[in-house]
Amino acid sequence: MDTKYLQFNNADLQLAGELIRQGELVAFPTETVYGLGANALDEHAVKSTYVAKGRPSDNPLIVHVWDKGQIYDVAREVNNDAKKIIDCLMPASLTIVLPKRSTISDAITAGLDTVAIRMPRSMQAREFLRYACVPVTAPSANLSGRPSPTSWQRVKQDMDGRIAAILCGEDCDVGIESTVLDLTGSKPRILRPGVVTSEQIEQVVGKRVEVVINPKSKVNSPGVRYKHYAPKVPMALDTSGEVSKLVAFYDDLVKRGFNPVLLVEQPHKYGARNVYPIGHNDEQVAQSLFENLRVLEEKYDYIVASFTSRTAFGQSILNRLVRAAGGNII
């Protein structure tokens, strides 16, 4: 397939919208990561997303909308908690899980009676979605299991020749995927953490929000069942920040013949070893995390990351780091 590279002008946006309505796949920027868009009302188009990504078909997709009114076209029921979230927080880096309408294919929801819906904060994302004129499914625009793309150039690496078009927009300013909030039960539950925290949600709904710590058995949340974010090289994760421990681990890797790199908070403490800054605060770490993994896998053969933040947002970043390292904690 000859992938088109489109800009954010009227003609290219019209073409991108037409491609979506014709059943083609179009990658587009959001504030979190780049998404791989398909017409949510076209089952064949939705199924082609799984093929392009190599994604398991029992992993649900998120439906993206540009307008709050579209949420009611996708969801069968919108309860009071959901209405509060929609009115007070959206658009945001937040996905809500609600009962689905019959127009939403089982191919989107992995056979479940619920659907995940998101209205991105990114103006570029909503502009594209408006031109599409239909709700759009959009998992991250990368090969399944790889670090999510936060620039159109990284989408090109994975998707060139696999999809109809890439909208070449701005780099993503959040850098990790949206918070997924299940609103179908008696109390709200976060199934995937993100930049929108449980504390922010609790302030809106006026009740405690449960955070699912180990969601591997949950299938009604996109992006929690399978290995994600993994670089092409082995990776280990430290959460203590102890320089001596990290140095010892690094030096042992060198003795074993590896060319490792330390992705750490204070690179100046590690002498002449290969080091790379992970970021000075949670926002910087999240924004550059997936890009850093892709940069480092091209230069080194083992990544040793250290991250010590204990904030609510920091726990969302840690969730991605643990999965990128395949649970290899040192």
# chains A, B, ... in the order shown; residues from 1 in each chain; ligands from 1
$ closest_atom_pairs --of "segment 17-133 of chain A" --to "segment 155-177 of chain A" --cutoff "8 Å" --atoms "only C-alpha atoms" --output "tab-separated table"
residue	atom	partner	partner_atom	distance
A:Leu19	CA	A:Ala164	CA	7.5
A:Glu24	CA	A:Ala164	CA	6.0
A:Leu25	CA	A:Ile163	CA	5.4
A:Val26	CA	A:Ala165	CA	4.8
A:Ala27	CA	A:Ile166	CA	4.6
A:Phe28	CA	A:Leu167	CA	5.0
A:Pro29	CA	A:Gly169	CA	5.8
A:Thr30	CA	A:Cys172	CA	6.3
A:Glu31	CA	A:Cys172	CA	4.6
A:Thr32	CA	A:Val174	CA	4.8
A:Val33	CA	A:Gly175	CA	5.7
A:Tyr34	CA	A:Cys172	CA	7.3
A:Ala52	CA	A:Arg162	CA	5.9
A:Ser93	CA	A:Glu177	CA	7.5
A:Gln124	CA	A:Gly169	CA	7.2
$ residues_around --residues "Tyr270 of chain A" --least-positions-apart "5" --cutoff "8 Å" --atoms "only C-alpha atoms" --output "list in words"
Val243, Val247 and Val275 of chain A
$ write_last_selection --atoms "all heavy atoms" --output "PDB file, in the first residue's frame"
ATOM      1  N   VAL A 243      22.012   4.649  43.392  1.00  0.00           N
ATOM      2  CA  VAL A 243      23.069   4.729  42.384  1.00  0.00           C
ATOM      3  C   VAL A 243      23.977   3.505  42.446  1.00  0.00           C
ATOM      4  O   VAL A 243      24.337   2.926  41.410  1.00  0.00           O
ATOM      5  CB  VAL A 243      23.881   6.024  42.555  1.00  0.00           C
ATOM      6  CG1 VAL A 243      25.078   6.030  41.609  1.00  0.00           C
ATOM      7  CG2 VAL A 243      22.999   7.243  42.310  1.00  0.00           C
ATOM      8  N   VAL A 247      24.687   1.043  39.346  1.00  0.00           N
ATOM      9  CA  VAL A 247      26.058   0.926  38.832  1.00  0.00           C
ATOM     10  C   VAL A 247      26.494  -0.533  38.810  1.00  0.00           C
ATOM     11  O   VAL A 247      27.080  -1.013  37.826  1.00  0.00           O
ATOM     12  CB  VAL A 247      27.017   1.779  39.685  1.00  0.00           C
ATOM     13  CG1 VAL A 247      28.468   1.390  39.418  1.00  0.00           C
ATOM     14  CG2 VAL A 247      26.809   3.267  39.398  1.00  0.00           C
ATOM     15  N   VAL A 275      24.680   6.952  29.725  1.00  0.00           N
ATOM     16  CA  VAL A 275      23.522   7.437  30.475  1.00  0.00           C
ATOM     17  C   VAL A 275      22.639   8.285  29.568  1.00  0.00           C
ATOM     18  O   VAL A 275      23.104   8.863  28.566  1.00  0.00           O
ATOM     19  CB  VAL A 275      23.942   8.270  31.712  1.00  0.00           C
ATOM     20  CG1 VAL A 275      24.626   7.395  32.746  1.00  0.00           C
ATOM     21  CG2 VAL A 275      24.834   9.436  31.309  1.00  0.00           C
TER      22      VAL A 275
END
$ select_by_dssp --residues "segment 124-299 of chain A" --states "strand (DSSP E)" --output "list in words"
Val136, Thr137, Ala165, Ile166, Leu167, Thr179, Val180, Leu181, Asp182, Arg189, Ile190, Leu191, Arg192, Glu210, Val211, Met235, Ala236, Leu237, Asp238, Pro260, Val261, Leu262, Leu263, Val264, Val275, Tyr276 and Pro277 of chain A
$ residues_around --residues "segment 48-50 of chain A" --least-positions-apart "4" --cutoff "9 Å" --atoms "only C-alpha atoms" --output "PDB file with N, CA and C atoms, in the first residue's frame"
ATOM      1  N   GLY A  23     -13.569   3.272   4.545  1.00  0.00           N
ATOM      2  CA  GLY A  23     -13.110   2.054   5.202  1.00  0.00           C
ATOM      3  C   GLY A  23     -11.616   1.910   5.303  1.00  0.00           C
ATOM      4  N   GLU A  24     -10.869   2.980   4.993  1.00  0.00           N
ATOM      5  CA  GLU A  24      -9.407   2.942   5.080  1.00  0.00           C
ATOM      6  C   GLU A  24      -8.935   3.334   6.488  1.00  0.00           C
ATOM      7  N   LEU A  25      -7.656   3.120   6.754  1.00  0.00           N
ATOM      8  CA  LEU A  25      -7.052   3.466   8.041  1.00  0.00           C
ATOM      9  C   LEU A  25      -6.219   4.728   7.911  1.00  0.00           C
ATOM     10  N   LEU A  36      -4.514   5.096  15.469  1.00  0.00           N
ATOM     11  CA  LEU A  36      -4.740   4.484  14.161  1.00  0.00           C
ATOM     12  C   LEU A  36      -6.238   4.426  13.925  1.00  0.00           C
ATOM     13  N   GLY A  37      -6.744   5.376  13.137  1.00  0.00           N
ATOM     14  CA  GLY A  37      -8.172   5.585  13.013  1.00  0.00           C
ATOM     15  C   GLY A  37      -8.852   4.709  11.980  1.00  0.00           C
ATOM     16  N   ALA A  38     -10.057   4.221  12.347  1.00  0.00           N
ATOM     17  CA  ALA A  38     -10.932   3.484  11.429  1.00  0.00           C
ATOM     18  C   ALA A  38     -12.367   3.871  11.731  1.00  0.00           C
ATOM     19  N   GLU A  43     -17.523  -2.475  10.211  1.00  0.00           N
ATOM     20  CA  GLU A  43     -16.897  -3.612  10.875  1.00  0.00           C
ATOM     21  C   GLU A  43     -15.654  -4.087  10.138  1.00  0.00           C
ATOM     22  N   HIS A  44     -15.697  -4.077   8.811  1.00  0.00           N
ATOM     23  CA  HIS A  44     -14.533  -4.512   8.038  1.00  0.00           C
ATOM     24  C   HIS A  44     -13.340  -3.594   8.304  1.00  0.00           C
ATOM     25  N   GLY A  54      -1.174  -6.053  13.987  1.00  0.00           N
ATOM     26  CA  GLY A  54      -0.842  -7.360  14.539  1.00  0.00           C
ATOM     27  C   GLY A  54      -1.390  -7.489  15.946  1.00  0.00           C
ATOM     28  N   ARG A  55      -2.535  -6.875  16.192  1.00  0.00           N
ATOM     29  CA  ARG A  55      -3.145  -6.798  17.532  1.00  0.00           C
ATOM     30  C   ARG A  55      -4.123  -7.946  17.739  1.00  0.00           C
ATOM     31  N   PRO A  56      -4.109  -8.598  18.899  1.00  0.00           N
ATOM     32  CA  PRO A  56      -5.101  -9.649  19.165  1.00  0.00           C
ATOM     33  C   PRO A  56      -6.526  -9.105  19.088  1.00  0.00           C
ATOM     34  N   SER A  57      -7.417  -9.859  18.483  1.00  0.00           N
ATOM     35  CA  SER A  57      -8.781  -9.373  18.256  1.00  0.00           C
ATOM     36  C   SER A  57      -9.641  -9.398  19.507  1.00  0.00           C
ATOM     37  N   THR A 137     -12.610   4.451  15.732  1.00  0.00           N
ATOM     38  CA  THR A 137     -11.789   3.654  16.640  1.00  0.00           C
ATOM     39  C   THR A 137     -10.326   4.010  16.419  1.00  0.00           C
ATOM     40  N   ALA A 138      -9.548   3.993  17.500  1.00  0.00           N
ATOM     41  CA  ALA A 138      -8.143   4.397  17.331  1.00  0.00           C
ATOM     42  C   ALA A 138      -7.272   3.857  18.456  1.00  0.00           C
ATOM     43  N   PRO A 139      -6.741   2.652  18.300  1.00  0.00           N
ATOM     44  CA  PRO A 139      -5.655   2.222  19.183  1.00  0.00           C
ATOM     45  C   PRO A 139      -4.391   2.978  18.806  1.00  0.00           C
ATOM     46  N   SER A 144       1.749  -3.945  17.349  1.00  0.00           N
ATOM     47  CA  SER A 144       1.332  -4.390  18.671  1.00  0.00           C
ATOM     48  C   SER A 144       2.526  -4.777  19.535  1.00  0.00           C
ATOM     49  N   ILE A 163      -1.021   1.228   5.946  1.00  0.00           N
ATOM     50  CA  ILE A 163      -2.261   1.996   6.087  1.00  0.00           C
ATOM     51  C   ILE A 163      -2.350   3.032   4.978  1.00  0.00           C
TER      52      ILE A 163
END
$ select_by_dssp --residues "segment 41-200 of chain A" --states "alpha helix (DSSP H)" --output "JSON, numbers by chain"
{"A": [43, 44, 45, 46, 47, 48, 49, 50, 51, 52, 53, 68, 69, 70, 71, 72, 73, 74, 80, 81, 82, 83, 84, 85, 86, 87, 88, 106, 107, 108, 109, 123, 124, 125, 126, 127, 128, 129, 130, 131, 132, 152, 153, 154, 155, 156, 157, 158, 159, 198, 199, 200]}
$ closest_residue --among "A:Val211, A:Val63, A:Val295, A:Val115" --to "Pro135 of chain A" --atoms "only C-alpha atoms"
A:Val63
$ atom_distance --atom1 "atom CA of Lys4 of chain A" --atom2 "atom CA of Ala107 of chain A"
26.2 Å
$ residues_around --residues "Thr239 of chain A" --least-positions-apart "2" --cutoff "7 Å" --atoms "only C-alpha atoms" --output "PyMOL selection string"
chain A and resi 237+241+306-308
$ write_last_selection --atoms "C-alpha atoms" --output "mmCIF file, in the first residue's frame"
data_model
loop_
_atom_site.group_PDB
_atom_site.id
_atom_site.type_symbol
_atom_site.label_atom_id
_atom_site.label_comp_id
_atom_site.auth_asym_id
_atom_site.auth_seq_id
_atom_site.Cartn_x
_atom_site.Cartn_y
_atom_site.Cartn_z
ATOM 1 C CA LEU A 237 13.501 -1.332 35.853
ATOM 2 C CA GLY A 241 17.068 5.289 42.595
ATOM 3 C CA SER A 306 15.168 4.051 37.031
ATOM 4 C CA PHE A 307 12.054 5.927 38.136
ATOM 5 C CA THR A 308 11.226 6.901 41.711
#
$ closest_atom_pairs --of "segment 61-173 of chain A" --to "segment 318-325 of chain A" --cutoff "10 Å" --atoms "only C-alpha atoms" --output "tab-separated table"
residue	atom	partner	partner_atom	distance
A:Gly145	CA	A:Ala324	CA	8.8
A:Arg146	CA	A:Ala324	CA	8.6
A:Pro147	CA	A:Ala324	CA	7.8
$ closest_residue --among "A:Ile278, A:Ile329, A:Met235, A:Val65" --to "Val304 of chain A" --atoms "only C-alpha atoms"
A:Met235
$ atom_distance --atom1 "atom CA of Arg189 of chain A" --atom2 "atom CA of Ala230 of chain A"
26.0 Å
$ closest_residue --among "A:Lys255, A:Arg192, A:Arg273, A:Arg126" --to "Ile317 of chain A" --atoms "only C-alpha atoms"
A:Arg192
$ residues_around --residues "Val261 of chain A" --least-positions-apart "2" --cutoff "12 Å" --atoms "only C-alpha atoms" --output "JSON list (two decimals) with C-alpha atoms, in the first residue's frame"
[["chain", "number", "residue", "atom", "x", "y", "z"],
["A", 233, "VAL", "CA", 16.23, -4.96, 23.40],
["A", 234, "PRO", "CA", 16.04, -6.34, 26.97],
["A", 235, "MET", "CA", 14.99, -3.86, 29.63],
["A", 236, "ALA", "CA", 15.16, -3.76, 33.43],
["A", 237, "LEU", "CA", 13.50, -1.33, 35.85],
["A", 246, "LEU", "CA", 22.30, 0.63, 39.35],
["A", 247, "VAL", "CA", 26.06, 0.93, 38.83],
["A", 249, "PHE", "CA", 23.84, -3.93, 37.65],
["A", 250, "TYR", "CA", 25.23, -1.92, 34.72],
["A", 251, "ASP", "CA", 28.81, -3.07, 35.31],
["A", 253, "LEU", "CA", 25.97, -6.31, 32.12],
["A", 254, "VAL", "CA", 29.18, -4.94, 30.65],
["A", 258, "PHE", "CA", 26.33, -6.09, 26.76],
["A", 259, "ASN", "CA", 26.46, -2.46, 25.70],
["A", 263, "LEU", "CA", 17.83, 5.83, 31.62],
["A", 264, "VAL", "CA", 17.91, 7.74, 34.88],
["A", 267, "PRO", "CA", 22.70, 11.16, 34.81],
["A", 270, "TYR", "CA", 27.03, 7.67, 36.92],
["A", 272, "ALA", "CA", 31.62, 7.65, 32.25],
["A", 273, "ARG", "CA", 28.89, 5.02, 31.76],
["A", 274, "ASN", "CA", 26.29, 5.27, 29.01],
["A", 275, "VAL", "CA", 23.52, 7.44, 30.47],
["A", 276, "TYR", "CA", 20.39, 9.15, 29.17],
["A", 277, "PRO", "CA", 18.06, 11.53, 31.07],
["A", 278, "ILE", "CA", 14.60, 10.14, 31.78],
["A", 292, "ASN", "CA", 13.31, 7.51, 24.63],
["A", 293, "LEU", "CA", 12.79, 3.75, 24.41],
["A", 295, "VAL", "CA", 15.92, 6.09, 20.52],
["A", 296, "LEU", "CA", 17.85, 3.91, 22.97],
["A", 297, "GLU", "CA", 16.96, 0.57, 21.36],
["A", 298, "GLU", "CA", 18.72, 1.79, 18.21],
["A", 299, "LYS", "CA", 22.02, 2.54, 20.02],
["A", 300, "TYR", "CA", 22.28, 0.04, 22.87],
["A", 301, "ASP", "CA", 21.46, -3.61, 23.53],
["A", 302, "TYR", "CA", 20.14, -3.34, 27.10],
["A", 303, "ILE", "CA", 18.11, -0.54, 28.75],
["A", 304, "VAL", "CA", 18.22, -0.05, 32.52],
["A", 305, "ALA", "CA", 15.59, 2.48, 33.60],
["A", 306, "SER", "CA", 15.17, 4.05, 37.03]]
$ atom_distance --atom1 "atom CA of Arg130 of chain A" --atom2 "atom CA of Val196 of chain A"
24.0 Å
